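The structure file data-v4.cif is reproduced below (mmCIF, C-alpha atoms and all ligand atoms).
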```cif
data_data
#
loop_
_atom_site.label_atom_id
_atom_site.label_comp_id
_atom_site.auth_asym_id
_atom_site.auth_seq_id
_atom_site.Cartn_x
_atom_site.Cartn_y
_atom_site.Cartn_z
CA MET A 1223 9.14 66.06 11.19
CA THR A 1224 9.43 66.33 7.42
CA ASN A 1225 9.74 70.11 7.70
CA ASP A 1226 12.02 70.19 10.71
CA LYS A 1227 14.99 72.40 10.01
CA ASN A 1228 16.90 70.78 12.90
CA PHE A 1229 17.32 67.59 10.90
CA ILE A 1230 18.99 66.90 7.59
CA PHE A 1231 17.69 63.79 5.86
CA SER A 1232 19.18 61.51 3.26
CA THR A 1233 17.56 60.60 -0.04
CA ILE A 1234 16.64 56.99 -0.78
CA PRO A 1235 19.74 55.00 -1.79
CA TYR A 1236 20.91 55.58 -5.36
CA SER A 1237 20.82 51.81 -5.90
CA LEU A 1238 17.01 52.24 -6.16
CA TYR A 1239 17.52 54.22 -9.39
CA VAL A 1240 19.76 51.73 -11.20
CA ASP A 1241 18.56 48.25 -10.23
CA PRO A 1242 16.20 46.22 -12.48
CA ASP A 1243 15.11 44.13 -9.46
CA ILE A 1244 13.93 47.31 -7.73
CA LEU A 1245 11.80 48.17 -10.75
CA ALA A 1246 10.27 44.67 -10.62
CA ALA A 1247 9.44 45.29 -6.94
CA GLU A 1248 8.04 48.74 -7.76
CA ASN A 1249 5.79 47.26 -10.43
CA GLU A 1250 4.38 44.77 -7.94
CA LEU A 1251 4.23 46.97 -4.84
CA ILE A 1252 3.59 50.42 -6.33
CA PHE A 1253 2.31 50.47 -9.93
CA GLU A 1254 -0.02 47.47 -9.53
CA ARG A 1255 -1.59 49.07 -6.45
CA THR A 1256 -1.93 52.76 -7.21
CA TRP A 1257 -4.21 54.92 -9.32
CA GLN A 1258 -2.76 55.59 -12.75
CA ILE A 1259 -4.09 58.53 -14.73
CA ILE A 1260 -5.41 57.86 -18.24
CA GLY A 1261 -6.50 61.36 -19.19
CA HIS A 1262 -9.61 63.52 -19.27
CA GLU A 1263 -13.09 62.08 -19.70
CA ASN A 1264 -13.53 64.24 -22.84
CA ASP A 1265 -10.70 62.23 -24.47
CA ILE A 1266 -13.31 59.47 -24.78
CA LYS A 1267 -16.38 61.64 -25.13
CA ASN A 1268 -18.61 59.43 -27.28
CA PRO A 1269 -19.84 55.85 -26.88
CA GLY A 1270 -17.26 53.54 -28.44
CA ASP A 1271 -14.33 55.94 -27.91
CA PHE A 1272 -11.40 54.05 -26.42
CA ILE A 1273 -7.79 54.49 -25.31
CA THR A 1274 -5.23 51.72 -24.79
CA CYS A 1275 -2.27 51.94 -22.43
CA ASP A 1276 0.11 49.89 -20.31
CA VAL A 1277 0.05 49.82 -16.50
CA ALA A 1278 2.87 47.92 -14.78
CA GLY A 1279 3.37 45.95 -18.00
CA GLU A 1280 -0.33 45.06 -18.29
CA PRO A 1281 -2.14 46.00 -21.50
CA ILE A 1282 -5.30 47.98 -20.64
CA VAL A 1283 -8.19 49.33 -22.71
CA VAL A 1284 -10.46 52.11 -21.42
CA VAL A 1285 -13.72 52.50 -23.33
CA ARG A 1286 -16.95 54.49 -23.09
CA GLY A 1287 -19.99 52.21 -23.35
CA GLU A 1288 -23.34 52.69 -25.08
CA ASP A 1289 -24.67 53.58 -21.62
CA ASN A 1290 -22.08 56.40 -21.45
CA LEU A 1291 -20.17 54.73 -18.60
CA ILE A 1292 -16.38 54.61 -18.83
CA ARG A 1293 -14.98 51.13 -18.15
CA ALA A 1294 -11.50 49.62 -18.18
CA PHE A 1295 -10.49 46.06 -19.05
CA TYR A 1296 -7.32 44.07 -19.41
CA ASN A 1297 -6.75 44.36 -23.15
CA VAL A 1298 -6.44 40.58 -23.44
CA CYS A 1299 -8.67 38.13 -25.30
CA PRO A 1300 -10.17 35.40 -23.05
CA HIS A 1301 -9.84 32.84 -25.86
CA ARG A 1302 -6.06 32.54 -26.19
CA ALA A 1303 -4.52 35.66 -24.70
CA THR A 1304 -3.99 37.82 -27.77
CA ARG A 1305 -3.87 41.56 -27.17
CA LEU A 1306 -7.34 42.58 -28.24
CA GLU A 1307 -7.31 46.24 -29.37
CA ASN A 1308 -4.10 47.27 -31.08
CA ASN A 1309 -4.75 50.95 -31.78
CA GLU A 1310 -3.76 53.63 -29.26
CA ALA A 1311 -7.16 55.31 -29.52
CA GLY A 1312 -10.23 55.32 -31.72
CA ASN A 1313 -13.92 54.53 -31.85
CA LYS A 1314 -15.46 51.05 -32.24
CA LYS A 1315 -18.99 49.76 -31.91
CA ILE A 1316 -17.61 46.38 -30.98
CA LEU A 1317 -14.14 45.15 -30.05
CA GLN A 1318 -12.80 42.35 -32.25
CA CYS A 1319 -9.84 40.06 -31.63
CA SER A 1320 -7.57 39.82 -34.66
CA TYR A 1321 -6.70 36.12 -34.05
CA HIS A 1322 -9.91 34.02 -34.28
CA GLY A 1323 -12.39 36.87 -34.54
CA TRP A 1324 -14.09 36.78 -31.15
CA THR A 1325 -16.04 40.00 -30.63
CA PHE A 1326 -16.96 41.86 -27.45
CA HIS A 1327 -19.56 44.46 -26.54
CA LEU A 1328 -18.34 47.79 -25.12
CA ASP A 1329 -19.30 46.56 -21.61
CA GLY A 1330 -16.82 43.69 -22.03
CA LYS A 1331 -19.35 40.87 -22.56
CA LEU A 1332 -18.66 38.35 -25.31
CA HIS A 1333 -20.68 39.06 -28.45
CA ARG A 1334 -19.64 36.22 -30.78
CA ALA A 1335 -17.12 33.38 -30.78
CA PRO A 1336 -17.08 32.14 -34.42
CA ASN A 1337 -15.13 28.94 -33.71
CA PHE A 1338 -17.71 27.85 -31.08
CA LYS A 1339 -20.89 28.50 -33.01
CA ASP A 1340 -21.84 24.81 -33.30
CA ASN A 1341 -20.87 23.83 -29.75
CA PRO A 1342 -23.90 23.45 -27.43
CA CYS A 1343 -21.71 23.24 -24.28
CA PHE A 1344 -20.31 26.70 -24.86
CA CYS A 1345 -22.12 29.34 -22.86
CA SER A 1346 -21.11 32.76 -24.17
CA SER A 1347 -22.85 34.61 -21.31
CA ASP A 1348 -20.16 33.38 -18.90
CA ILE A 1349 -17.36 34.98 -20.86
CA SER A 1350 -16.23 38.57 -20.81
CA LEU A 1351 -13.12 40.72 -20.76
CA LYS A 1352 -11.51 40.99 -17.34
CA THR A 1353 -12.45 44.23 -15.63
CA VAL A 1354 -9.98 46.74 -14.22
CA ARG A 1355 -11.10 49.37 -11.71
CA CYS A 1356 -11.75 52.69 -13.39
CA GLU A 1357 -12.96 55.84 -11.61
CA VAL A 1358 -13.54 59.44 -12.67
CA GLU A 1359 -13.16 62.48 -10.38
CA GLY A 1360 -12.80 66.12 -11.39
CA SER A 1361 -13.32 64.91 -15.00
CA LEU A 1362 -10.02 62.96 -14.76
CA VAL A 1363 -9.99 59.22 -15.56
CA PHE A 1364 -7.82 56.81 -13.57
CA VAL A 1365 -7.42 53.03 -13.44
CA ASN A 1366 -6.11 50.80 -10.66
CA LEU A 1367 -5.11 47.13 -11.02
CA ASP A 1368 -5.74 46.55 -7.31
CA PRO A 1369 -9.38 45.56 -6.70
CA ASN A 1370 -8.95 46.35 -2.99
CA ALA A 1371 -7.39 49.80 -3.25
CA PRO A 1372 -9.19 52.71 -1.54
CA SER A 1373 -11.36 54.73 -3.93
CA LEU A 1374 -9.81 57.38 -6.16
CA TYR A 1375 -11.41 60.21 -4.17
CA GLU A 1376 -10.40 58.74 -0.82
CA THR A 1377 -6.81 58.34 -2.02
CA TYR A 1378 -6.38 61.92 -3.25
CA LYS A 1379 -9.07 63.74 -1.24
CA ASP A 1380 -6.84 66.79 -0.62
CA PHE A 1381 -6.11 67.12 -4.33
CA PHE A 1382 -9.69 66.73 -5.54
CA ASP A 1383 -11.03 69.13 -2.89
CA ASP A 1384 -8.56 71.78 -4.05
CA PHE A 1385 -8.88 71.01 -7.77
CA SER A 1386 -12.67 71.39 -7.62
CA GLN A 1387 -12.16 75.20 -7.39
CA PHE A 1388 -11.30 75.08 -11.11
CA ASN A 1389 -14.89 74.77 -12.19
CA PHE A 1390 -13.90 74.75 -15.88
CA HIS A 1391 -12.51 71.22 -15.59
CA GLY A 1392 -15.51 69.60 -17.30
CA GLU A 1393 -15.11 71.86 -20.36
CA LEU A 1394 -11.47 71.07 -21.07
CA ARG A 1395 -10.49 69.55 -24.41
CA GLN A 1396 -7.14 68.01 -25.26
CA PHE A 1397 -4.98 70.35 -27.34
CA ASN A 1398 -2.01 68.04 -27.77
CA GLU A 1399 -0.19 65.00 -26.42
CA ARG A 1400 3.54 64.48 -26.52
CA ILE A 1401 5.49 61.35 -25.62
CA ARG A 1402 9.14 61.55 -24.63
CA GLU A 1403 11.64 58.84 -23.85
CA ILE A 1404 13.83 60.08 -21.00
CA LYS A 1405 17.11 58.48 -20.02
CA CYS A 1406 16.53 58.42 -16.28
CA ASN A 1407 14.78 56.34 -13.66
CA TRP A 1408 11.14 57.48 -13.27
CA LYS A 1409 11.77 58.60 -9.68
CA ALA A 1410 14.44 61.11 -10.76
CA PHE A 1411 11.81 63.05 -12.73
CA VAL A 1412 9.39 63.03 -9.78
CA ASP A 1413 12.19 64.17 -7.44
CA ASN A 1414 12.89 67.05 -9.80
CA TYR A 1415 9.22 68.09 -9.91
CA LEU A 1416 8.88 68.07 -6.12
CA GLU A 1417 11.35 70.81 -5.30
CA CYS A 1418 12.16 74.27 -6.60
CA ASP A 1419 15.59 74.68 -5.01
CA HIS A 1420 16.93 74.22 -8.56
CA CYS A 1421 14.67 76.90 -10.10
CA PRO A 1422 16.93 79.97 -9.66
CA ILE A 1423 19.89 78.09 -11.17
CA ALA A 1424 18.27 75.93 -13.82
CA HIS A 1425 15.20 77.93 -14.87
CA PRO A 1426 16.21 81.58 -15.25
CA GLY A 1427 13.00 82.39 -17.19
CA PHE A 1428 10.83 80.77 -14.51
CA ALA A 1429 12.72 82.59 -11.75
CA ALA A 1430 12.33 85.91 -13.54
CA THR A 1431 8.58 85.43 -13.90
CA LEU A 1432 7.55 83.87 -10.59
CA ASP A 1433 8.21 85.17 -7.11
CA LEU A 1434 10.37 82.33 -5.74
CA SER A 1435 10.66 84.01 -2.33
CA LYS A 1436 7.00 83.07 -1.79
CA TYR A 1437 7.32 79.55 -3.25
CA GLN A 1438 5.46 76.97 -1.20
CA ILE A 1439 5.38 73.18 -1.31
CA ILE A 1440 2.67 71.62 0.81
CA ASN A 1441 2.70 67.87 1.46
CA GLN A 1442 -0.78 66.39 1.75
CA SER A 1443 -2.07 62.85 1.95
CA ASN A 1444 -0.71 60.90 -1.07
CA CYS A 1445 -0.26 64.17 -2.94
CA SER A 1446 1.25 67.61 -2.74
CA VAL A 1447 0.66 71.06 -4.12
CA GLN A 1448 3.18 73.78 -4.87
CA GLY A 1449 3.17 77.22 -6.36
CA THR A 1450 3.75 80.90 -5.90
CA GLN A 1451 2.63 84.21 -7.34
CA ILE A 1452 3.61 85.82 -10.60
CA LYS A 1453 5.92 88.77 -9.99
CA GLU A 1454 4.15 92.07 -10.40
CA LYS A 1455 4.20 94.48 -13.32
CA GLN A 1456 7.64 94.46 -14.91
CA ASN A 1457 7.66 90.68 -15.31
CA LYS A 1458 4.02 90.32 -16.11
CA GLN A 1459 5.12 91.12 -19.65
CA SER A 1460 7.48 88.17 -19.90
CA LEU A 1461 4.64 85.66 -19.76
CA LYS A 1462 2.26 87.93 -21.64
CA LEU A 1463 -0.64 86.65 -19.56
CA ASP A 1464 -3.81 88.64 -19.51
CA LEU A 1465 -4.20 88.87 -15.78
CA ASP A 1466 -7.30 91.03 -16.03
CA THR A 1467 -9.60 88.43 -17.54
CA ALA A 1468 -12.44 87.14 -15.42
CA GLU A 1469 -11.15 83.58 -15.60
CA VAL A 1470 -7.70 84.24 -14.24
CA GLN A 1471 -6.54 81.85 -11.55
CA GLU A 1472 -3.39 81.19 -9.61
CA GLY A 1473 -1.07 78.53 -10.96
CA ARG A 1474 -0.82 75.24 -9.12
CA PHE A 1475 1.61 72.34 -9.49
CA TYR A 1476 0.07 69.16 -8.11
CA TRP A 1477 1.69 65.79 -7.63
CA LEU A 1478 -0.26 62.57 -7.06
CA TRP A 1479 1.58 59.56 -5.67
CA PRO A 1480 3.38 57.91 -7.33
CA ASN A 1481 3.87 59.27 -10.87
CA THR A 1482 1.19 61.78 -11.88
CA MET A 1483 1.72 65.53 -12.09
CA ILE A 1484 -1.02 68.00 -12.91
CA THR A 1485 -0.32 71.67 -13.56
CA VAL A 1486 -2.83 74.48 -13.75
CA TYR A 1487 -1.08 77.52 -15.20
CA PRO A 1488 -2.22 81.06 -14.49
CA GLY A 1489 -4.64 82.42 -17.06
CA PRO A 1490 -7.86 81.11 -18.58
CA GLY A 1491 -8.94 77.47 -18.09
CA ASN A 1492 -6.11 75.01 -18.69
CA ILE A 1493 -4.43 71.94 -17.26
CA SER A 1494 -1.36 69.93 -18.21
CA ILE A 1495 -1.03 66.28 -17.20
CA ILE A 1496 2.38 64.65 -16.96
CA LYS A 1497 2.71 60.92 -16.31
CA MET A 1498 6.07 59.23 -15.85
CA SER A 1499 5.96 55.48 -16.55
CA PRO A 1500 9.05 53.29 -16.32
CA ILE A 1501 10.13 51.59 -19.55
CA ASP A 1502 13.05 49.99 -17.75
CA HIS A 1503 15.03 50.87 -14.62
CA GLU A 1504 16.94 53.62 -16.43
CA THR A 1505 14.43 54.74 -19.07
CA THR A 1506 11.12 56.51 -18.57
CA LYS A 1507 8.19 57.23 -20.86
CA GLY A 1508 6.97 60.76 -20.23
CA THR A 1509 3.42 61.46 -21.41
CA TYR A 1510 2.49 65.14 -21.59
CA GLN A 1511 -1.12 66.10 -22.29
CA VAL A 1512 -2.24 69.73 -22.56
CA TYR A 1513 -5.89 70.78 -22.23
CA PHE A 1514 -7.66 74.09 -22.69
CA LYS A 1515 -11.18 75.19 -22.09
CA GLY A 1516 -12.58 75.14 -25.62
CA GLY A 1517 -9.62 73.11 -26.89
CA GLU A 1518 -7.51 75.89 -28.44
CA PRO A 1519 -5.01 78.13 -26.67
CA THR A 1520 -5.22 81.91 -26.82
CA PRO A 1521 -2.09 83.66 -28.17
CA GLU A 1522 -1.11 84.33 -24.53
CA GLN A 1523 -1.48 80.64 -23.71
CA GLN A 1524 0.58 79.70 -26.76
CA THR A 1525 3.37 81.83 -25.28
CA LEU A 1526 2.86 80.07 -21.98
CA LEU A 1527 3.17 76.66 -23.68
CA GLU A 1528 6.51 77.67 -25.17
CA PHE A 1529 7.64 78.88 -21.76
CA ALA A 1530 6.58 75.57 -20.11
CA GLU A 1531 8.38 73.61 -22.85
CA GLN A 1532 11.60 75.52 -22.22
CA VAL A 1533 11.38 74.69 -18.48
CA ARG A 1534 10.76 71.01 -19.34
CA ILE A 1535 13.81 70.80 -21.57
CA GLU A 1536 15.91 72.33 -18.80
CA ASP A 1537 14.58 69.72 -16.34
CA LEU A 1538 15.15 66.79 -18.71
CA GLU A 1539 18.80 67.70 -19.10
CA LEU A 1540 19.15 67.79 -15.32
CA VAL A 1541 17.60 64.40 -14.62
CA GLU A 1542 19.57 62.69 -17.39
CA ARG A 1543 22.79 64.09 -15.90
CA GLU A 1544 21.66 62.95 -12.46
CA GLN A 1545 21.17 59.39 -13.74
CA ILE A 1546 24.87 59.31 -14.71
CA GLY A 1547 25.76 60.12 -11.10
CA PHE A 1548 23.36 57.51 -9.69
CA ARG A 1549 25.48 54.88 -11.49
CA SER A 1550 28.72 56.21 -10.03
CA LYS A 1551 30.46 54.68 -7.01
CA ALA A 1552 31.18 58.18 -5.69
CA PHE A 1553 28.16 58.36 -3.34
CA SER A 1554 25.49 55.90 -2.27
CA GLN A 1555 22.80 58.46 -1.43
CA GLY A 1556 22.15 62.20 -1.40
CA ILE A 1557 21.27 64.88 1.15
CA LEU A 1558 17.95 66.73 1.22
CA SER A 1559 17.70 70.41 2.13
CA PRO A 1560 14.88 71.51 4.47
CA SER A 1561 12.99 72.93 1.45
CA GLU A 1562 13.25 69.57 -0.33
CA HIS A 1563 10.57 68.22 2.03
CA GLY A 1564 8.37 67.32 -0.95
CA VAL A 1565 11.07 64.90 -2.12
CA LEU A 1566 11.41 63.57 1.43
CA TYR A 1567 7.68 62.77 1.53
CA PHE A 1568 7.92 60.96 -1.83
CA HIS A 1569 10.96 59.00 -0.64
CA ASN A 1570 9.19 58.00 2.56
CA LEU A 1571 6.28 56.62 0.51
CA ILE A 1572 8.80 54.70 -1.62
CA ARG A 1573 10.45 53.34 1.55
CA GLU A 1574 7.10 52.32 3.00
CA SER A 1575 5.89 50.65 -0.23
CA LEU A 1576 9.10 48.69 -0.75
CA ASN A 1577 9.23 47.70 2.94
CA LEU A 1578 12.48 49.56 3.52
CA GLU A 1579 12.90 51.40 6.83
CA LYS A 1580 9.86 53.58 7.48
CA GLU A 1581 11.38 57.02 7.86
CA ALA A 1582 14.42 58.67 6.31
CA LEU A 1583 17.28 58.64 8.76
CA PRO A 1584 18.66 62.01 9.68
CA VAL A 1585 22.23 62.28 8.41
CA LYS A 1586 22.79 65.16 10.84
CA SER A 1587 20.78 66.53 13.78
S1 LIG A 1601 -7.18 34.65 -29.22
FE1 LIG A 1601 -8.76 36.08 -29.51
S2 LIG A 1601 -10.17 35.06 -30.74
FE2 LIG A 1601 -8.64 33.59 -30.38
FE FE A 1602 12.50 72.18 -12.79
#
```
Could you take the file, read its structure, and then write that structure out as structure tokens?
Amino acid sequence: MTNDKNFIFSTIPYSLYVDPDILAAENELIFERTWQIIGHENDIKNPGDFITCDVAGEPIVVVRGEDNLIRAFYNVCPHRATRLENNEAGNKKILQCSYHGWTFHLDGKLHRAPNFKDNPCFCSSDISLKTVRCEVEGSLVFVNLDPNAPSLYETYKDFFDDFSQFNFHGELRQFNERIREIKCNWKAFVDNYLECDHCPIAHPGFAATLDLSKYQIINQSNCSVQGTQIKEKQNKQSLKLDLDTAEVQEGRFYWLWPNTMITVYPGPGNISIIKMSPIDHETTKGTYQVYFKGGEPTPEQQTLLEFAEQVRIEDLELVEREQIGFRSKAFSQGILSPSEHGVLYFHNLIRESLNLEKEALPVKS
């Protein structure tokens, strides 16, 4: 049905992009129940390496233990609630609260509670940081606040089965991370990523390089994959990719419900992770992480990075302009073309999660 050219479907209502109560519902019904990407396991390669982040407003710390296992905890002290680790990343042998000095082992168990040292009733073995689910697949680290959610692999089986063809994934090292504050609702960015109807108009460089007549978007279970081929010969130059190397692969643009995007560009081993996290109902934190096999880009890949950055800037301008229209009284919802079926799938998952009507209603049949 989602690909049926005999139906034209509406988008979700624009009120969902401008309403703080909707974001509160999304935090409870979407972000507290879905897998949220943290990064690559090599970001925390050594025992004691940690990363802190926020998921649905919850402070989280992800840390590699002495036993080499990666664990996630609420980044909250059990004594009196203080946020425990205050750095974004680093390496610690022990985690220490800055308030009364309680310390915790890397597996979350209490190490010392200085203000209880003379109290015989206090049993430190009962106390530890509160665990958050953390799973690793394809070298990618995710957390989920929902203890009952299906496993990471089960949730995105189609993605991980396809992604496993990139057998360099374990050798990737982060090259850079960039944070952007975007003036749009988080869903507007995802909508933009899930269709390429705008590519010929908005991304002339992209359209000149890639064969958009062969562009495909395939909806899968809780994820989708899209891509096409690089145009032959004359445009091969514009990306300056060495297509004759042994490690060449097709590019792929993956999306994982609800807010993770993973791109594998053509050329030697690389991935880019984009995560869109709501700051408020009209502001989004975009986290962009770029990884290369070996950690450093080749000159060709450096050109590719500049190309990808240009496309991103073009997209950011579009979604910020779209947010202005979401606020307008002119229209209450939009119309999806048959090739915007990736957006339709995303909107149906939003509808289902927020207990709105199950399927988009055809506006014309
Ligand atoms: S709040 Fe952390 S030690 Fe008191
Ligand atoms: Fe775009």
For Ser1361 (chain A): contacts at 7 Å, only C-alpha atoms, fewer than 4 positions along chain excluded, given as an mmCIF file with C-alpha atoms, in the coordinates of the input:
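The resulting file, result21.cif, is reproduced below:
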```cif
data_model
loop_
_atom_site.group_PDB
_atom_site.id
_atom_site.type_symbol
_atom_site.label_atom_id
_atom_site.label_comp_id
_atom_site.auth_asym_id
_atom_site.auth_seq_id
_atom_site.Cartn_x
_atom_site.Cartn_y
_atom_site.Cartn_z
ATOM 1 C CA HIS A 1262 -9.610 63.520 -19.270
ATOM 2 C CA GLU A 1263 -13.090 62.080 -19.700
ATOM 3 C CA HIS A 1391 -12.510 71.220 -15.590
ATOM 4 C CA GLY A 1392 -15.510 69.600 -17.300
#
```
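Candidate residues A:Ala1278, A:Cys1406, A:Ile1493, A:Val1365 were compared for distance to Val1541 (chain A), and the nearest is A:Cys1406, using all atoms listed in the file.
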Contact table chain A vs ligand LIG 1601 (chain A), cut-off 10 Å, shortest pair per residue, only C-alpha atoms and all ligand atoms, as a tab-separated table:
```
residue	atom	partner	partner_atom	distance
A:Val1298	CA	A:LIG1601	FE1	7.9
A:Cys1299	CA	A:LIG1601	FE1	4.7
A:Pro1300	CA	A:LIG1601	FE1	6.6
A:His1301	CA	A:LIG1601	S1	4.7
A:Arg1302	CA	A:LIG1601	S1	3.9
A:Ala1303	CA	A:LIG1601	S1	5.3
A:Thr1304	CA	A:LIG1601	S1	4.7
A:Arg1305	CA	A:LIG1601	FE1	7.7
A:Leu1306	CA	A:LIG1601	FE1	6.8
A:Gln1318	CA	A:LIG1601	S2	7.9
A:Cys1319	CA	A:LIG1601	FE1	4.6
A:Ser1320	CA	A:LIG1601	FE1	6.5
A:Tyr1321	CA	A:LIG1601	FE2	4.9
A:His1322	CA	A:LIG1601	S2	3.7
A:Gly1323	CA	A:LIG1601	S2	4.8
A:Trp1324	CA	A:LIG1601	S2	4.3
A:Thr1325	CA	A:LIG1601	S2	7.7
A:Arg1334	CA	A:LIG1601	S2	9.5
A:Ala1335	CA	A:LIG1601	S2	7.2
A:Pro1336	CA	A:LIG1601	S2	8.4
A:Asn1337	CA	A:LIG1601	S2	8.4
```
> Please, what distance in Å, to one decimal, runs between CA of Gln1451 (chain A) and CA of Arg1474 (chain A)?
Replying inline: 9.8 Å
> Which value, in Å to one decimal, gives the distance between CA of Tyr1415 (chain A) and CA of Gly1360 (chain A)?
Replying inline: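 If I compute the distance from CA of Tyr1415 (chain A) to CA of Gly1360 (chain A), I get 22.2 Å.
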>> Could you list the protein, DNA and RNA residues that have any atom within 12 Å of ligand FE 1602 (chain A), counting only C-alpha atoms and all ligand atoms, and write them as a ChimeraX atom specification?
In response: /A:1410-1429,1475,1530-1541
Proximity check region 1358-1428 of chain A to region 1508-1517 of chain A, 9 Å, nearest pairs one decimal Å, all atoms listed in the file, as a tab-separated table:
```
residue	atom	partner	partner_atom	distance
A:Phe1390	CA	A:Lys1515	CA	6.8
A:His1391	CA	A:Lys1515	CA	7.7
A:Gly1392	CA	A:Lys1515	CA	8.5
A:Glu1393	CA	A:Lys1515	CA	5.4
A:Leu1394	CA	A:Lys1515	CA	4.3
A:Arg1395	CA	A:Gly1517	CA	4.4
A:Gln1396	CA	A:Tyr1513	CA	4.3
A:Phe1397	CA	A:Tyr1513	CA	5.2
A:Asn1398	CA	A:Val1512	CA	5.5
A:Glu1399	CA	A:Gln1511	CA	4.4
A:Arg1400	CA	A:Tyr1510	CA	5.1
A:Ile1401	CA	A:Thr1509	CA	4.7
A:Arg1402	CA	A:Gly1508	CA	5.0
A:Glu1403	CA	A:Gly1508	CA	6.2
A:Ile1404	CA	A:Gly1508	CA	6.9
A:Trp1408	CA	A:Gly1508	CA	8.8
```
> Which neighbours of region 1565-1572 of chain A fall inside 6 Å, counting all atoms listed in the file, when residues of the same chain fewer than 2 positions from it are skipped, and could you give them as a PyMOL selection string?
Replying inline: chain A and resi 1413+1416+1562-1563+1574-1575+1581
>> Which residue is closest to Leu1578 (chain A)? Choose from A:Ala1247, A:Lys1314, A:Val1447, A:Pro1521 and count all atoms listed in the file.
In response: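 Result for the nearest residue to Leu1578 (chain A): A:Ala1247.
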Region 1356-1411 of chain A near region 1281-1291 of chain A within 10 Å: what's each residue's closest atom pair and its distance in Å to one decimal, counting only C-alpha atoms, ordered by chain then ascending residue number, as a tab-separated table?
```
residue	atom	partner	partner_atom	distance
A:Cys1356	CA	A:Val1284	CA	8.2
A:Val1363	CA	A:Val1284	CA	9.2
A:Phe1364	CA	A:Val1284	CA	9.5
A:Val1365	CA	A:Val1284	CA	8.6
A:Leu1367	CA	A:Ile1282	CA	9.7
```
> In Å, with one decimal, what is the gap from CA of Asn1492 (chain A) to CA of Thr1431 (chain A)?
Replying inline: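 Pair CA of Asn1492 (chain A) / CA of Thr1431 (chain A) returns 18.6 Å.
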>> Can you pull out the residues contacting Pro1372 (chain A)? Cut-off 10 Å, using only C-alpha atoms, and skip same-chain residues under 5 positions away; I want them as a ChimeraX atom specification.
In response: /A:1255-1257,1366,1377-1378
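If only C-alpha atoms are the atoms counted, then among A:Lys1339, A:Arg1293, A:Lys1551, A:Lys1405 the closest residue to Arg1355 (chain A) is A:Arg1293.
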> Using all atoms listed in the file, which of the listed residues (A:Asn1444, A:Gly1491, A:Leu1432, A:Ala1371) sits closest to Gln1387 (chain A)?
Replying inline: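 Distance minimum relative to Gln1387 (chain A) lands on A:Gly1491.
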>> With only C-alpha atoms as the counted atoms, please give the residues lying no more than 7 Å from Gln1555 (chain A), apart from itself and same-chain residues fewer than 5 positions off, as a list in words.
In response: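 My reading of the contact set: Ser1232, Thr1233, Ile1234, Pro1235 and Tyr1236 of chain A.
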